[in-house]
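Structure data follow from final26.txt (compact mmCIF, C-alpha atoms):
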# COMPACT_ATOMS: atom_id res chain seq x y z
CA MET A 1 -15.21 2.89 -4.74
CA LEU A 2 -15.74 -0.36 -6.63
CA SER A 3 -18.35 -2.39 -4.78
CA LEU A 4 -18.73 -6.06 -5.72
CA ASP A 5 -20.95 -8.79 -4.30
CA THR A 6 -18.38 -11.59 -4.51
CA PRO A 7 -14.71 -12.08 -5.40
CA ASP A 8 -15.88 -13.87 -8.58
CA ALA A 9 -16.97 -10.49 -9.92
CA LEU A 10 -13.31 -9.46 -10.03
CA LYS A 11 -12.82 -11.61 -13.15
CA GLU A 12 -14.25 -8.80 -15.27
CA TYR A 13 -11.53 -6.40 -14.09
CA VAL A 14 -8.38 -8.34 -15.05
CA GLY A 15 -6.13 -5.95 -16.95
CA LYS A 16 -8.20 -2.94 -15.93
CA GLU A 17 -7.74 -0.06 -13.55
CA ILE A 18 -9.71 -0.52 -10.33
CA GLY A 19 -9.34 2.97 -8.88
CA THR A 20 -7.39 5.46 -6.81
CA SER A 21 -7.58 5.83 -3.05
CA GLU A 22 -8.04 8.97 -1.01
CA TRP A 23 -4.93 10.79 0.24
CA LEU A 24 -3.54 9.46 3.53
CA PRO A 25 -1.27 11.62 5.72
CA VAL A 26 2.02 10.09 6.87
CA THR A 27 2.71 11.82 10.17
CA GLN A 28 5.78 11.64 12.38
CA GLU A 29 3.58 9.94 14.98
CA ARG A 30 2.74 7.16 12.50
CA ILE A 31 6.44 6.78 11.62
CA ASN A 32 7.35 6.64 15.33
CA GLN A 33 4.71 3.98 16.01
CA PHE A 34 5.97 1.87 13.11
CA ALA A 35 9.56 2.22 14.38
CA ALA A 36 8.46 1.06 17.83
CA ALA A 37 6.49 -1.89 16.47
CA THR A 38 9.29 -3.09 14.17
CA GLU A 39 12.23 -1.96 16.34
CA ASP A 40 13.67 -0.16 13.31
CA ARG A 41 14.76 3.02 15.02
CA GLN A 42 17.22 4.38 12.47
CA TRP A 43 17.76 8.12 12.94
CA ILE A 44 16.66 8.94 9.37
CA HIS A 45 13.12 8.03 10.47
CA LEU A 46 13.05 9.39 14.03
CA ASP A 47 15.56 12.15 14.71
CA GLN A 48 14.07 15.22 13.05
CA GLU A 49 16.92 17.59 13.96
CA ARG A 50 19.66 15.25 12.79
CA ALA A 51 17.74 14.41 9.62
CA LYS A 52 17.46 18.13 8.81
CA ARG A 53 21.24 18.50 9.22
CA GLU A 54 22.62 15.24 7.81
CA SER A 55 20.04 13.50 5.64
CA PRO A 56 19.99 14.01 1.87
CA TYR A 57 16.18 14.24 2.32
CA GLN A 58 16.50 17.23 4.71
CA GLY A 59 14.05 15.72 7.17
CA THR A 60 12.71 12.43 8.44
CA ILE A 61 11.21 9.92 6.03
CA ALA A 62 8.87 6.98 6.45
CA HIS A 63 10.21 3.44 6.43
CA GLY A 64 9.74 1.80 3.04
CA PHE A 65 8.00 -1.08 4.79
CA LEU A 66 5.61 1.35 6.47
CA THR A 67 4.59 2.60 3.04
CA LEU A 68 4.24 -0.99 1.83
CA SER A 69 2.14 -1.96 4.85
CA LEU A 70 -0.28 0.90 4.14
CA ILE A 71 -1.22 -0.61 0.76
CA GLY A 72 -3.87 -2.75 2.49
CA ARG A 73 -5.37 0.38 4.04
CA LEU A 74 -5.30 2.20 0.70
CA LEU A 75 -6.92 -0.76 -1.11
CA LYS A 76 -9.82 -0.76 1.38
CA GLY A 77 -10.73 2.70 0.12
CA VAL A 78 -10.87 1.52 -3.49
CA ILE A 79 -12.65 -1.83 -3.50
CA ARG A 80 -15.25 -3.48 -1.29
CA ILE A 81 -16.40 -7.08 -1.62
CA GLY A 82 -19.68 -7.63 0.16
CA ASN A 83 -20.97 -11.12 0.76
CA GLY A 84 -18.61 -13.53 -0.96
CA PRO A 85 -15.45 -14.21 0.99
CA ARG A 86 -15.50 -15.92 4.34
CA LEU A 87 -12.03 -14.53 4.91
CA ALA A 88 -9.76 -12.16 2.97
CA ILE A 89 -6.02 -12.35 3.66
CA ASN A 90 -2.92 -10.58 2.44
CA TYR A 91 -1.06 -13.46 0.83
CA GLY A 92 2.08 -11.55 -0.11
CA VAL A 93 3.73 -9.14 -2.49
CA ASN A 94 5.81 -9.38 -5.63
CA ARG A 95 8.23 -6.94 -7.25
CA VAL A 96 8.36 -4.36 -4.47
CA ARG A 97 10.35 -1.19 -5.10
CA PHE A 98 10.69 2.16 -3.29
CA PRO A 99 11.70 4.64 -6.03
CA ALA A 100 11.25 7.77 -3.89
CA PRO A 101 11.04 8.66 -0.18
CA VAL A 102 7.92 9.57 1.77
CA HIS A 103 8.73 12.69 3.79
CA GLU A 104 7.17 13.11 7.20
CA GLY A 105 4.00 15.17 6.91
CA SER A 106 3.32 14.28 3.29
CA LYS A 107 0.29 12.47 1.90
CA ILE A 108 0.19 9.24 -0.11
CA ARG A 109 -2.43 7.52 -2.22
CA GLY A 110 -2.61 4.27 -4.16
CA HIS A 111 -3.52 3.55 -7.77
CA PHE A 112 -4.77 -0.01 -8.27
CA SER A 113 -5.24 -2.29 -11.28
CA LEU A 114 -6.06 -5.99 -11.33
CA LEU A 115 -3.17 -7.95 -12.82
CA SER A 116 -4.66 -11.44 -12.49
CA PHE A 117 -7.42 -13.49 -10.90
CA ARG A 118 -7.58 -17.26 -10.47
CA ASP A 119 -9.66 -19.86 -8.72
CA LEU A 120 -7.64 -22.14 -6.45
CA GLY A 121 -10.47 -24.41 -5.33
CA GLU A 122 -10.79 -23.47 -1.66
CA ALA A 123 -9.87 -19.86 -2.37
CA GLN A 124 -9.60 -17.25 -5.09
CA GLU A 125 -6.49 -15.20 -5.67
CA ALA A 126 -6.35 -11.63 -6.96
CA VAL A 127 -3.07 -9.92 -7.79
CA PHE A 128 -3.32 -6.13 -7.79
CA THR A 129 -0.74 -3.79 -9.26
CA CYS A 130 -0.30 -0.91 -6.86
CA THR A 131 1.52 2.33 -7.43
CA VAL A 132 1.74 4.54 -4.35
CA GLU A 133 2.32 8.19 -5.10
CA CYS A 134 3.43 10.87 -2.68
CA GLU A 135 1.83 14.26 -3.07
CA GLY A 136 4.16 16.60 -4.96
CA ASN A 137 6.62 13.90 -6.12
CA GLU A 138 7.17 12.97 -9.75
CA LYS A 139 8.30 9.43 -8.93
CA PRO A 140 6.11 6.94 -7.07
CA CYS A 141 7.21 6.11 -3.53
CA CYS A 142 6.26 2.43 -3.76
CA VAL A 143 5.38 0.05 -6.57
CA ALA A 144 4.26 -3.51 -5.81
CA GLU A 145 2.08 -6.42 -6.83
CA TRP A 146 -0.26 -7.08 -3.88
CA ILE A 147 -1.66 -10.62 -3.59
CA MET A 148 -5.01 -11.14 -1.88
CA ARG A 149 -6.65 -14.49 -1.24
CA TYR A 150 -10.37 -14.82 -0.63
CA SER A 151 -11.50 -18.05 1.01
CA LYS A 152 -14.78 -19.58 -0.09
This structure in structure tokens:
Amino acid sequence: MLSLDTPDALKEYVGKEIGTSEWLPVTQERINQFAAATEDRQWIHLDQERAKRESPYQGTIAHGFLTLSLIGRLLKGVIRIGNGPRLAINYGVNRVRFPAPVHEGSKIRGHFSLLSFRDLGEAQEAVFTCTVECEGNEKPCCVAEWIMRYSK
């Protein structure tokens, strides 16, 4: 866990690896809750019996956007900024891809590097490169640039 006093301290980490999160299980319950919240109830995510019979993945898989939304959770396990920001917000993402599925019951973790850091006056912006891996897969399940803004 990288622990910093203020967002300003991130400047030293541009172009460097920040760290790797702990493994996080992706359960069918989590997938079901995401489907309910987003109203994306496609059978490939929810119908375990049909997915076993008809899906090329031979079981249910997590929504790509569920995996993407967990990046914030994974990042919290890698970096902590103590006193500096009044507010930290997810500002957006760039270059999102889902190269491989996340099977129900598998575990994911995130690898983070700091791509850039800039002062915007009222806020500071950090862009993290995140590669989410799924336990046992050769390909990552999600790759994205995660943008965080820290208000002063």
Using all atoms listed in the file, what residues lie at most 10 Å away from (-8.1, -17.1, -3.6) (file coordinates), given as an NGL selection string?
-> :A and (7-8 or 85 or 87-89 or 91 or 117-127 or 147-152)
Computed gap from atom CA of Gly15 of chain A to atom CA of Ser69 of chain A is 23.7 Å
Within 12 Å of Pro99 of chain A, counting only C-alpha atoms, which residues show up once you throw out same-chain ones fewer than 6 positions away? Write them as an MDAnalysis selection string, please.
-> chainID A and resid 64 67 131:134 137:144
Among the residues A:Glu39, A:Glu12, A:Glu54, A:Glu145, the one that comes closest to Val96 of chain A [using all atoms listed in the file] |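 With all atoms listed in the file as the atom set, the closest residue is A:Glu145.
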What does the distance from atom CA of Ser3 of chain A to atom CA of Phe128 of chain A come to in Å, to one decimal?
-> 15.8 Å
Go through A:Gly136, A:Gly77, A:Pro101, A:Gly82 and flag the residue nearest Phe65 of chain A, using all atoms listed in the file for the distances.
-> A:Pro101
Please indicate the distance in Å from atom CA of His63 of chain A to atom CA of Cys130 of chain A, rounded to one decimal place.
-> 17.5 Å
Identify, on the basis of all atoms listed in the file, every residue whose closest approach to Met1 of chain A does not exceed 10 Å; exclude the query and any residue fewer than 5 positions from it along the same chain; express the result as number ranges by chain.
-> A: 18-21, 75-80
Residue among A:Leu114, A:Leu4, A:Val93, A:Ala62 lying closest to Ile44 of chain A, counting all atoms listed in the file =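 With all atoms listed in the file as the atom set, the closest residue is A:Ala62.
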May I have the residues within 6 Å of Val26 of chain A as JSON, numbers by chain, using only C-alpha atoms and disregarding those fewer than 2 positions away in the same chain?
-> {"A": [104, 105, 106, 107]}
Nearest-residue call for Pro25 of chain A, choices A:Leu115, A:Ile81, A:Ala9, A:Leu70, using only C-alpha atoms = A:Leu70
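Among the candidate residues A:Ala51, A:Ile71, A:Leu2, A:Ile61, the one lying nearest to Ala35 of chain A is A:Ile61, with distances computed using only C-alpha atoms.
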